[in-house]
$ cat structure_12.tsv   # TSV, C-alpha atoms
chain	number	residue	atom	x	y	z
A	1	GLY	CA	-16.09	-21.41	-49.14
A	2	SER	CA	-16.08	-19.59	-45.81
A	3	LYS	CA	-17.50	-16.10	-45.60
A	4	MET	CA	-15.23	-13.18	-44.87
A	5	ALA	CA	-15.56	-13.04	-41.09
A	6	LEU	CA	-16.08	-9.60	-39.62
A	7	SER	CA	-14.29	-8.70	-36.44
A	8	PHE	CA	-16.04	-9.46	-33.17
A	9	THR	CA	-15.07	-9.75	-29.54
A	10	ASN	CA	-15.35	-12.77	-27.27
A	11	ARG	CA	-16.13	-10.53	-24.29
A	12	ARG	CA	-18.19	-7.37	-24.36
A	13	SER	CA	-16.95	-4.23	-22.58
A	14	SER	CA	-18.62	-2.23	-19.80
A	15	VAL	CA	-20.41	1.05	-19.27
A	16	VAL	CA	-20.73	2.06	-15.59
A	17	ILE	CA	-23.32	4.54	-14.40
A	18	PHE	CA	-22.48	5.99	-10.97
A	19	GLY	CA	-24.86	8.35	-9.20
A	20	ASP	CA	-27.73	8.87	-6.77
A	21	SER	CA	-31.41	7.79	-6.85
A	22	ILE	CA	-31.89	9.14	-10.39
A	23	THR	CA	-29.28	6.57	-11.45
A	24	GLN	CA	-30.49	3.83	-9.06
A	25	GLN	CA	-33.98	4.13	-10.58
A	26	GLY	CA	-32.56	4.14	-14.11
A	27	PHE	CA	-33.58	0.54	-14.83
A	28	THR	CA	-37.26	1.04	-14.11
A	29	SER	CA	-39.55	0.33	-17.05
A	30	ASN	CA	-38.39	2.65	-19.87
A	31	GLY	CA	-35.82	4.17	-17.50
A	32	TRP	CA	-32.90	6.12	-19.01
A	33	ALA	CA	-30.40	3.41	-18.04
A	34	ALA	CA	-32.61	0.70	-19.53
A	35	SER	CA	-32.66	2.66	-22.80
A	36	LEU	CA	-28.87	3.04	-22.61
A	37	ALA	CA	-28.50	-0.72	-22.06
A	38	ASP	CA	-30.74	-1.33	-25.05
A	39	ALA	CA	-28.57	0.98	-27.20
A	40	TYR	CA	-25.46	-0.98	-26.11
A	41	SER	CA	-27.15	-4.37	-26.61
A	42	ARG	CA	-24.51	-7.04	-27.26
A	43	LYS	CA	-21.77	-4.38	-27.35
A	44	ALA	CA	-21.36	-3.45	-23.67
A	45	ASP	CA	-22.97	-4.24	-20.33
A	46	VAL	CA	-24.49	-1.20	-18.64
A	47	LEU	CA	-23.81	-1.67	-14.93
A	48	ASN	CA	-25.89	0.37	-12.51
A	49	ARG	CA	-24.14	1.75	-9.43
A	50	GLY	CA	-26.80	4.21	-8.26
A	51	PHE	CA	-27.06	4.99	-4.53
A	52	SER	CA	-30.29	6.69	-3.51
A	53	GLY	CA	-29.85	9.77	-1.34
A	54	TYR	CA	-26.07	9.96	-1.81
A	55	ASN	CA	-24.09	13.13	-2.37
A	56	THR	CA	-20.54	13.57	-3.73
A	57	ARG	CA	-19.04	13.56	-0.21
A	58	TRP	CA	-20.41	10.08	0.41
A	59	ALA	CA	-19.56	9.00	-3.14
A	60	LEU	CA	-15.88	9.72	-2.42
A	61	ARG	CA	-16.10	7.27	0.50
A	62	ILE	CA	-17.30	4.42	-1.72
A	63	VAL	CA	-15.64	5.13	-5.10
A	64	ALA	CA	-12.63	2.88	-4.39
A	65	ASP	CA	-14.94	-0.05	-3.58
A	66	VAL	CA	-17.35	0.61	-6.45
A	67	PHE	CA	-14.44	0.73	-8.92
A	68	ALA	CA	-12.34	-1.94	-7.18
A	69	PRO	CA	-9.76	-3.77	-9.32
A	70	ASN	CA	-11.50	-6.33	-11.56
A	71	ALA	CA	-14.98	-5.08	-10.57
A	72	PHE	CA	-15.65	-4.30	-14.24
A	73	HIS	CA	-14.27	-5.63	-17.51
A	74	ASN	CA	-12.83	-3.11	-19.97
A	75	VAL	CA	-14.73	0.04	-19.00
A	76	LYS	CA	-15.35	2.26	-22.03
A	77	LEU	CA	-17.66	4.86	-20.51
A	78	VAL	CA	-18.64	6.12	-17.06
A	79	THR	CA	-21.49	8.49	-16.23
A	80	LEU	CA	-21.20	10.55	-13.03
A	81	PHE	CA	-24.61	11.87	-12.02
A	82	PHE	CA	-24.66	13.58	-8.61
A	83	GLY	CA	-25.96	16.92	-7.38
A	84	ALA	CA	-29.69	16.48	-6.74
A	85	ASN	CA	-28.84	15.81	-3.06
A	86	ASP	CA	-25.71	17.98	-2.71
A	87	SER	CA	-27.87	20.96	-3.71
A	88	SER	CA	-30.29	20.47	-0.79
A	89	LEU	CA	-30.57	23.65	1.27
A	90	GLU	CA	-28.27	23.50	4.30
A	91	ARG	CA	-30.81	25.18	6.60
A	92	LEU	CA	-33.47	22.57	5.84
A	93	ASN	CA	-31.45	19.46	4.93
A	94	LYS	CA	-28.01	19.58	6.54
A	95	LYS	CA	-27.54	15.83	6.18
A	96	GLN	CA	-27.43	15.71	2.37
A	97	HIS	CA	-26.22	19.26	1.68
A	98	VAL	CA	-22.70	19.74	0.29
A	99	PRO	CA	-21.43	23.33	-0.20
A	100	LEU	CA	-21.13	24.40	-3.84
A	101	SER	CA	-17.32	24.73	-3.94
A	102	GLU	CA	-16.85	21.35	-2.25
A	103	TYR	CA	-19.33	19.76	-4.67
A	104	LYS	CA	-17.26	20.98	-7.61
A	105	SER	CA	-13.94	19.78	-6.16
A	106	ASN	CA	-15.52	16.45	-5.13
A	107	LEU	CA	-16.63	15.87	-8.73
A	108	GLU	CA	-13.12	16.63	-10.02
A	109	LEU	CA	-11.67	14.20	-7.48
A	110	LEU	CA	-14.22	11.53	-8.44
A	111	ILE	CA	-13.24	11.90	-12.11
A	112	ASP	CA	-9.55	11.44	-11.20
A	113	LYS	CA	-10.22	8.41	-9.00
A	114	ILE	CA	-12.48	6.71	-11.56
A	115	ARG	CA	-9.96	7.19	-14.38
A	116	GLU	CA	-7.15	5.92	-12.17
A	117	ALA	CA	-9.15	2.86	-11.12
A	118	VAL	CA	-10.36	1.65	-14.52
A	119	THR	CA	-7.83	2.74	-17.14
A	120	LEU	CA	-6.01	-0.31	-18.49
A	121	PRO	CA	-2.25	-0.16	-19.09
A	122	GLY	CA	-1.57	1.16	-22.58
A	123	ALA	CA	-5.26	1.78	-23.23
A	124	PRO	CA	-7.07	5.12	-23.46
A	125	ALA	CA	-8.85	6.31	-20.32
A	126	PRO	CA	-12.59	5.68	-20.38
A	127	VAL	CA	-14.87	8.50	-21.47
A	128	VAL	CA	-16.39	10.20	-18.42
A	129	ILE	CA	-19.67	12.08	-18.78
A	130	VAL	CA	-20.72	14.31	-15.88
A	131	ILE	CA	-24.51	14.68	-15.85
A	132	SER	CA	-25.83	17.75	-14.07
A	133	PRO	CA	-28.84	17.59	-11.79
A	134	PRO	CA	-32.11	18.33	-13.61
A	135	PRO	CA	-34.22	21.35	-12.64
A	136	ILE	CA	-36.35	20.98	-9.52
A	137	ASP	CA	-40.03	21.77	-9.20
A	138	ALA	CA	-39.87	22.91	-5.57
A	139	ALA	CA	-43.64	23.17	-5.07
A	140	LYS	CA	-44.25	19.66	-6.41
A	141	TRP	CA	-41.38	18.30	-4.27
A	142	LEU	CA	-42.75	20.02	-1.13
A	143	GLU	CA	-46.14	18.41	-1.72
A	144	GLN	CA	-44.41	15.04	-2.20
A	145	ARG	CA	-42.51	15.39	1.09
A	146	ARG	CA	-45.71	16.29	3.00
A	147	VAL	CA	-47.30	13.10	1.69
A	148	ARG	CA	-44.21	10.93	2.20
A	149	TYR	CA	-43.67	11.99	5.82
A	150	ASN	CA	-47.41	12.33	6.45
A	151	ASP	CA	-46.72	15.82	7.78
A	152	PRO	CA	-48.80	18.61	6.26
A	153	SER	CA	-47.00	21.15	8.49
A	154	ILE	CA	-43.80	21.01	6.38
A	155	SER	CA	-43.90	24.57	5.14
A	156	GLU	CA	-40.85	24.90	2.94
A	157	SER	CA	-39.14	22.86	0.22
A	158	ASP	CA	-35.59	21.71	1.06
A	159	ARG	CA	-34.64	22.23	-2.61
A	160	SER	CA	-34.60	25.42	-4.68
A	161	ASN	CA	-34.37	25.56	-8.45
A	162	ASP	CA	-32.15	28.66	-8.35
A	163	VAL	CA	-29.67	26.83	-6.13
A	164	THR	CA	-29.83	23.67	-8.26
A	165	GLU	CA	-28.98	25.82	-11.28
A	166	GLN	CA	-25.70	26.83	-9.58
A	167	TYR	CA	-24.84	23.19	-8.87
A	168	ALA	CA	-25.56	22.25	-12.48
A	169	ALA	CA	-23.19	24.99	-13.67
A	170	ALA	CA	-20.53	23.73	-11.24
A	171	ALA	CA	-20.93	20.18	-12.60
A	172	VAL	CA	-20.28	21.42	-16.13
A	173	GLU	CA	-17.24	23.42	-14.91
A	174	ALA	CA	-15.82	20.38	-13.08
A	175	ALA	CA	-16.12	18.29	-16.25
A	176	GLN	CA	-14.40	21.00	-18.31
A	177	ALA	CA	-11.59	21.35	-15.75
A	178	LYS	CA	-10.88	17.63	-16.07
A	179	GLY	CA	-11.37	17.24	-19.83
A	180	ALA	CA	-14.50	15.17	-19.29
A	181	LEU	CA	-17.78	15.51	-21.21
A	182	SER	CA	-20.90	16.95	-19.65
A	183	LEU	CA	-24.64	16.77	-20.15
A	184	ASP	CA	-26.20	19.92	-18.70
A	185	LEU	CA	-29.66	18.57	-17.92
A	186	TRP	CA	-30.64	21.64	-15.94
A	187	THR	CA	-30.28	23.91	-18.96
A	188	THR	CA	-31.55	21.57	-21.67
A	189	MET	CA	-34.64	20.61	-19.65
A	190	SER	CA	-35.35	24.18	-18.50
A	191	ASN	CA	-35.42	25.26	-22.14
A	192	GLU	CA	-38.51	23.09	-22.65
A	193	ALA	CA	-41.82	24.82	-22.00
A	194	ASN	CA	-43.30	21.99	-19.93
A	195	TRP	CA	-40.14	20.85	-18.11
A	196	SER	CA	-42.01	20.02	-14.91
A	197	ALA	CA	-43.63	17.11	-16.80
A	198	TYR	CA	-40.16	15.53	-16.97
A	199	LEU	CA	-40.22	15.10	-13.17
A	200	SER	CA	-42.42	12.56	-11.42
A	201	ASP	CA	-42.39	14.22	-7.99
A	202	GLY	CA	-40.55	17.46	-8.67
A	203	LEU	CA	-37.11	15.82	-8.23
A	204	HIS	CA	-36.99	12.35	-9.85
A	205	LEU	CA	-37.59	11.59	-13.53
A	206	SER	CA	-40.99	10.78	-14.98
A	207	PRO	CA	-41.28	8.43	-18.00
A	208	ALA	CA	-41.00	11.48	-20.29
A	209	GLY	CA	-37.99	12.70	-18.31
A	210	ASN	CA	-36.30	9.32	-18.61
A	211	GLU	CA	-36.85	9.38	-22.36
A	212	PHE	CA	-35.43	12.92	-22.54
A	213	VAL	CA	-32.26	11.94	-20.63
A	214	ALA	CA	-31.72	8.75	-22.65
A	215	LYS	CA	-32.07	10.58	-25.96
A	216	ARG	CA	-29.75	13.45	-25.00
A	217	LEU	CA	-27.18	11.09	-23.51
A	218	VAL	CA	-26.99	8.77	-26.53
A	219	GLN	CA	-26.86	11.82	-28.83
A	220	LEU	CA	-23.96	13.24	-26.78
A	221	ILE	CA	-22.05	9.95	-26.93
A	222	ARG	CA	-22.57	9.58	-30.68
A	223	THR	CA	-21.41	13.14	-31.43
A	224	GLN	CA	-18.68	13.73	-28.84
A	225	ALA	CA	-17.36	10.24	-28.10
A	226	PRO	CA	-18.05	8.21	-31.27
A	227	GLN	CA	-15.26	5.75	-30.42
A	228	VAL	CA	-17.33	4.45	-27.48
A	229	CYS	CA	-20.78	4.83	-29.00
A	230	PRO	CA	-22.56	1.52	-29.73
A	231	ASP	CA	-21.64	1.68	-33.42
A	232	GLY	CA	-17.98	2.17	-32.47
A	233	LEU	CA	-17.76	-1.07	-30.46
A	234	PRO	CA	-17.39	-4.63	-31.74
A	235	VAL	CA	-20.27	-7.03	-31.34
A	236	GLU	CA	-19.89	-9.98	-28.97
A	237	PHE	CA	-19.49	-13.09	-31.16
A	238	PRO	CA	-20.46	-13.11	-34.84
A	239	TRP	CA	-23.95	-12.19	-36.01
A	240	TRP	CA	-25.82	-15.38	-36.85
A	241	ASP	CA	-25.73	-14.72	-40.60
A	242	GLN	CA	-21.92	-14.55	-40.40
A	243	VAL	CA	-21.71	-18.05	-38.96
A	244	ASP	CA	-20.51	-20.60	-41.52
A	245	PRO	CA	-22.29	-23.82	-40.49
A	246	ASP	CA	-19.76	-25.89	-42.50
A	247	ASN	CA	-16.78	-24.27	-40.80
A	248	LEU	CA	-17.55	-23.47	-37.17
A	249	ASP	CA	-13.88	-23.62	-36.15
A	250	GLN	CA	-13.07	-20.88	-38.62
A	251	THR	CA	-16.14	-18.84	-37.69
A	252	PHE	CA	-15.44	-18.71	-33.98
A	253	LYS	CA	-11.68	-18.33	-34.19
A	254	ALA	CA	-11.73	-15.41	-36.58
A	255	SER	CA	-10.68	-11.89	-35.62
A	256	VAL	CA	-11.29	-12.04	-31.90
A	257	LEU	CA	-10.61	-8.50	-30.60
$ encode --input "structure_12.tsv" --output "structure tokens"
Amino acid sequence: GSKMALSFTNRRSSVVIFGDSITQQGFTSNGWAASLADAYSRKADVLNRGFSGYNTRWALRIVADVFAPNAFHNVKLVTLFFGANDSSLERLNKKQHVPLSEYKSNLELLIDKIREAVTLPGAPAPVVIVISPPPIDAAKWLEQRRVRYNDPSISESDRSNDVTEQYAAAAVEAAQAKGALSLDLWTTMSNEANWSAYLSDGLHLSPAGNEFVAKRLVQLIRTQAPQVCPDGLPVEFPWWDQVDPDNLDQTFKASVL
């Protein structure tokens, strides 16, 4: 007799992560995006659309292309992780700086455009999670820039943790204004005694920082968006122990979602 087949899908859905270098680097060994992809193994593809150095102003220029029709199949979840560059100090880094109020309205616009682009007719809009920039260790970042540009005369950091805190708060507000979820990394990391250890160079994530982000993100999805958490999604094709070797037709036809 054939086993009761459990429901499965013949095509897994998608999770899109859209952001700056902290997203682009997310698939490094033990990176936060790699951990997310592992959590969604066989349930959804985690597709990395990280653009190093980008701010929300530039993101608005590319969002229509990134989320072009048919670019992604059945998007369940999108992370929006900008602000580490927007929050650069205008006086010292005019190129990447975006004023606070514009940053907030850019994020709201990005949420609208992403929902519009990927929501399927008759289906719920994907869950959007706005991730705030993490805290910045300005002294460590200054040292890093002196080394990177081989210029010991650089006297001031182009990032300030007090300013980044304001951008993180604006990211959370933008998410709330649009009914999106948010992960306030600035606050949750700053609450840890040794938060600087979460940053490799004062700005980007260290292995411990990647682990911190992955854990908090998966926890947030499980508690606040259980319908798109890995356990809430069907597996792609039946688990091997659900395959009936004497009735493959029945096995692979059953309950395709």
$ residues_around --input "structure_12.tsv" --residues "Asp231 (chain A)" --least-positions-apart "5" --cutoff "12 Å" --atoms "all atoms listed in the file" --output "ChimeraX atom specification"
/A:39-44,218,221-223,225-226
$ residues_near_point --input "structure_12.tsv" --point "(-28.5, 24.4, -0.4)" --cutoff "12 Å" --atoms "only C-alpha atoms" --output "JSON, numbers by chain"
{"A": [83, 84, 85, 86, 87, 88, 89, 90, 91, 92, 93, 94, 95, 96, 97, 98, 99, 100, 101, 103, 157, 158, 159, 160, 161, 162, 163, 164, 165, 166, 167]}
$ residues_near_point --input "structure_12.tsv" --point "(-26.9, 9.1, -4.8)" --cutoff "7 Å" --atoms "all atoms listed in the file" --output "ChimeraX atom specification"
/A:19-21,50-55,82
$ write_last_selection --input "structure_12.tsv" --atoms "C-alpha atoms" --output "PDB file, keeping the file's coordinate frame"
ATOM      1  CA  GLY A  19     -24.860   8.350  -9.200  1.00  0.00           C
ATOM      2  CA  ASP A  20     -27.730   8.870  -6.770  1.00  0.00           C
ATOM      3  CA  SER A  21     -31.410   7.790  -6.850  1.00  0.00           C
ATOM      4  CA  GLY A  50     -26.800   4.210  -8.260  1.00  0.00           C
ATOM      5  CA  PHE A  51     -27.060   4.990  -4.530  1.00  0.00           C
ATOM      6  CA  SER A  52     -30.290   6.690  -3.510  1.00  0.00           C
ATOM      7  CA  GLY A  53     -29.850   9.770  -1.340  1.00  0.00           C
ATOM      8  CA  TYR A  54     -26.070   9.960  -1.810  1.00  0.00           C
ATOM      9  CA  ASN A  55     -24.090  13.130  -2.370  1.00  0.00           C
ATOM     10  CA  PHE A  82     -24.660  13.580  -8.610  1.00  0.00           C
TER      11      PHE A  82
END
$ residues_around --input "structure_12.tsv" --residues "Val213 (chain A)" --least-positions-apart "3" --cutoff "8 Å" --atoms "only C-alpha atoms" --output "list of chain:residue names"
A:Trp32, A:Leu185, A:Gly209, A:Asn210, A:Arg216, A:Leu217
$ atom_distance --input "structure_12.tsv" --atom1 "CA of Arg115 (chain A)" --atom2 "CA of Leu36 (chain A)"
21.0 Å
$ closest_residue --input "structure_12.tsv" --among "A:Ser29, A:Thr56, A:Asn70, A:Gln219" --to "Ser14 (chain A)" --atoms "all atoms listed in the file"
A:Asn70
$ closest_residue --input "structure_12.tsv" --among "A:Leu205, A:Ile114, A:Leu107, A:Ala170" --to "Ala68 (chain A)" --atoms "all atoms listed in the file"
A:Ile114
$ closest_atom_pairs --input "structure_12.tsv" --of "region 174-226 of chain A" --to "region 128-134 of chain A" --cutoff "10 Å" --atoms "all atoms listed in the file" --output "CSV"
residue,atom,partner,partner_atom,distance
A:Ala174,CA,A:Val130,CA,8.3
A:Ala175,CA,A:Val130,CA,6.1
A:Gln176,CA,A:Val130,CA,9.5
A:Lys178,CA,A:Val128,CA,9.5
A:Gly179,CA,A:Val128,CA,8.8
A:Ala180,CA,A:Val128,CA,5.4
A:Leu181,CA,A:Ile129,CA,4.6
A:Ser182,CA,A:Val130,CA,4.6
A:Leu183,CA,A:Ile131,CA,4.8
A:Asp184,CA,A:Ser132,CA,5.1
A:Leu185,CA,A:Pro134,CA,5.0
A:Trp186,CA,A:Pro134,CA,4.3
A:Thr187,CA,A:Pro134,CA,7.9
A:Thr188,CA,A:Pro134,CA,8.7
A:Met189,CA,A:Pro134,CA,6.9
A:Ser190,CA,A:Pro134,CA,8.3
A:Trp195,CA,A:Pro134,CA,9.5
A:Tyr198,CA,A:Pro134,CA,9.2
A:Leu199,CA,A:Pro134,CA,8.7
A:Gly202,CA,A:Pro134,CA,9.8
A:Leu203,CA,A:Pro134,CA,7.8
A:His204,CA,A:Pro134,CA,8.6
A:Leu205,CA,A:Pro134,CA,8.7
A:Gly209,CA,A:Pro134,CA,9.4
A:Val213,CA,A:Pro134,CA,9.5
A:Leu217,CA,A:Ile131,CA,8.9
A:Leu220,CA,A:Ile129,CA,9.2
A:Ile221,CA,A:Ile129,CA,8.8
A:Ala225,CA,A:Val128,CA,9.7
$ atom_distance --input "structure_12.tsv" --atom1 "CA of Val235 (chain A)" --atom2 "CA of Ser7 (chain A)"
8.0 Å
$ atom_distance --input "structure_12.tsv" --atom1 "CA of Phe72 (chain A)" --atom2 "CA of Asn10 (chain A)"
15.5 Å
$ residues_around --input "structure_12.tsv" --residues "Ile17 (chain A)" --least-positions-apart "4" --cutoff "8 Å" --atoms "only C-alpha atoms" --output "list of chain:residue names"
A:Thr23, A:Val46, A:Leu47, A:Asn48, A:Arg49, A:Gly50, A:Val78, A:Thr79, A:Leu80, A:Phe81
$ closest_residue --input "structure_12.tsv" --among "A:Ala125, A:Lys76, A:Phe252, A:Gln24" --to "Gly232 (chain A)" --atoms "all atoms listed in the file"
A:Lys76
$ decode --input "structure_12.tsv" --residues "region 125-218 of chain A" --atoms "C-alpha atoms" --output "mmCIF file, in the first residue's frame"
data_model
loop_
_atom_site.group_PDB
_atom_site.id
_atom_site.type_symbol
_atom_site.label_atom_id
_atom_site.label_comp_id
_atom_site.auth_asym_id
_atom_site.auth_seq_id
_atom_site.Cartn_x
_atom_site.Cartn_y
_atom_site.Cartn_z
ATOM 1 C CA ALA A 125 2.619 40.560 0.007
ATOM 2 C CA PRO A 126 6.016 39.200 1.011
ATOM 3 C CA VAL A 127 7.242 39.859 4.524
ATOM 4 C CA VAL A 128 9.716 42.758 4.511
ATOM 5 C CA ILE A 129 12.278 43.043 7.309
ATOM 6 C CA VAL A 130 14.193 46.315 7.577
ATOM 7 C CA ILE A 131 17.557 45.689 9.265
ATOM 8 C CA SER A 132 19.132 48.724 10.903
ATOM 9 C CA PRO A 133 22.828 49.457 10.581
ATOM 10 C CA PRO A 134 24.880 47.956 13.426
ATOM 11 C CA PRO A 135 26.823 50.206 15.804
ATOM 12 C CA ILE A 136 30.118 51.574 14.499
ATOM 13 C CA ASP A 137 33.453 51.474 16.274
ATOM 14 C CA ALA A 138 34.737 54.782 14.881
ATOM 15 C CA ALA A 139 38.292 54.411 16.201
ATOM 16 C CA LYS A 140 38.684 50.926 14.719
ATOM 17 C CA TRP A 141 37.199 52.123 11.398
ATOM 18 C CA LEU A 142 39.568 55.134 11.292
ATOM 19 C CA GLU A 143 42.543 52.816 11.778
ATOM 20 C CA GLN A 144 41.193 50.572 9.004
ATOM 21 C CA ARG A 145 40.868 53.508 6.590
ATOM 22 C CA ARG A 146 44.442 54.676 7.311
ATOM 23 C CA VAL A 147 45.680 51.205 6.418
ATOM 24 C CA ARG A 148 43.394 50.780 3.405
ATOM 25 C CA TYR A 149 44.344 54.110 1.810
ATOM 26 C CA ASN A 150 47.921 53.888 3.101
ATOM 27 C CA ASP A 151 47.458 57.378 4.540
ATOM 28 C CA PRO A 152 48.333 57.776 8.222
ATOM 29 C CA SER A 153 47.376 61.481 8.024
ATOM 30 C CA ILE A 154 43.623 60.698 7.958
ATOM 31 C CA SER A 155 42.757 62.288 11.276
ATOM 32 C CA GLU A 156 39.038 61.729 11.647
ATOM 33 C CA SER A 157 36.579 58.875 11.150
ATOM 34 C CA ASP A 158 33.903 59.481 8.492
ATOM 35 C CA ARG A 159 31.411 57.567 10.665
ATOM 36 C CA SER A 160 30.108 58.356 14.151
ATOM 37 C CA ASN A 161 28.263 55.933 16.390
ATOM 38 C CA ASP A 162 25.944 58.677 17.699
ATOM 39 C CA VAL A 163 24.903 59.507 14.146
ATOM 40 C CA THR A 164 24.506 55.835 13.203
ATOM 41 C CA GLU A 165 22.193 55.457 16.202
ATOM 42 C CA GLN A 166 19.865 58.090 14.677
ATOM 43 C CA TYR A 167 19.834 56.269 11.338
ATOM 44 C CA ALA A 168 19.041 52.978 13.067
ATOM 45 C CA ALA A 169 16.079 54.621 14.829
ATOM 46 C CA ALA A 170 14.894 56.038 11.484
ATOM 47 C CA ALA A 171 15.096 52.562 9.909
ATOM 48 C CA VAL A 172 12.840 51.161 12.633
ATOM 49 C CA GLU A 173 10.407 54.094 12.182
ATOM 50 C CA ALA A 174 10.293 53.576 8.399
ATOM 51 C CA ALA A 175 9.440 49.899 8.901
ATOM 52 C CA GLN A 176 6.691 50.769 11.396
ATOM 53 C CA ALA A 177 5.242 53.423 9.071
ATOM 54 C CA LYS A 178 4.911 50.800 6.334
ATOM 55 C CA GLY A 179 3.779 47.847 8.461
ATOM 56 C CA ALA A 180 7.060 46.044 7.854
ATOM 57 C CA LEU A 181 9.122 44.195 10.471
ATOM 58 C CA SER A 182 12.418 45.521 11.756
ATOM 59 C CA LEU A 183 15.571 44.172 13.337
ATOM 60 C CA ASP A 184 17.214 46.971 15.318
ATOM 61 C CA LEU A 185 20.803 45.748 15.208
ATOM 62 C CA TRP A 186 22.170 48.998 16.598
ATOM 63 C CA THR A 187 20.275 48.585 19.862
ATOM 64 C CA THR A 188 20.528 44.813 20.280
ATOM 65 C CA MET A 189 24.279 44.808 19.571
ATOM 66 C CA SER A 190 24.980 47.890 21.709
ATOM 67 C CA ASN A 191 23.350 46.132 24.654
ATOM 68 C CA GLU A 192 26.152 43.556 24.569
ATOM 69 C CA ALA A 193 29.186 44.416 26.678
ATOM 70 C CA ASN A 194 31.740 43.519 24.003
ATOM 71 C CA TRP A 195 29.836 44.723 20.915
ATOM 72 C CA SER A 196 32.978 45.890 19.143
ATOM 73 C CA ALA A 197 33.964 42.214 18.801
ATOM 74 C CA TYR A 198 30.974 41.822 16.455
ATOM 75 C CA LEU A 199 32.714 44.104 13.934
ATOM 76 C CA SER A 200 35.741 43.020 11.921
ATOM 77 C CA ASP A 201 36.987 46.517 11.069
ATOM 78 C CA GLY A 202 34.663 48.734 13.081
ATOM 79 C CA LEU A 203 31.972 48.704 10.354
ATOM 80 C CA HIS A 204 31.578 45.232 8.792
ATOM 81 C CA LEU A 205 30.627 42.055 10.650
ATOM 82 C CA SER A 206 33.136 39.698 12.215
ATOM 83 C CA PRO A 207 32.376 35.941 12.429
ATOM 84 C CA ALA A 208 30.783 36.558 15.852
ATOM 85 C CA GLY A 209 28.799 39.461 14.410
ATOM 86 C CA ASN A 210 27.556 37.315 11.540
ATOM 87 C CA GLU A 211 26.426 34.670 14.002
ATOM 88 C CA PHE A 212 24.658 37.325 16.095
ATOM 89 C CA VAL A 213 22.761 38.704 13.074
ATOM 90 C CA ALA A 214 21.784 35.252 11.785
ATOM 91 C CA LYS A 215 20.462 34.167 15.173
ATOM 92 C CA ARG A 216 18.457 37.359 15.770
ATOM 93 C CA LEU A 217 17.075 37.354 12.242
ATOM 94 C CA VAL A 218 15.882 33.734 12.297
#
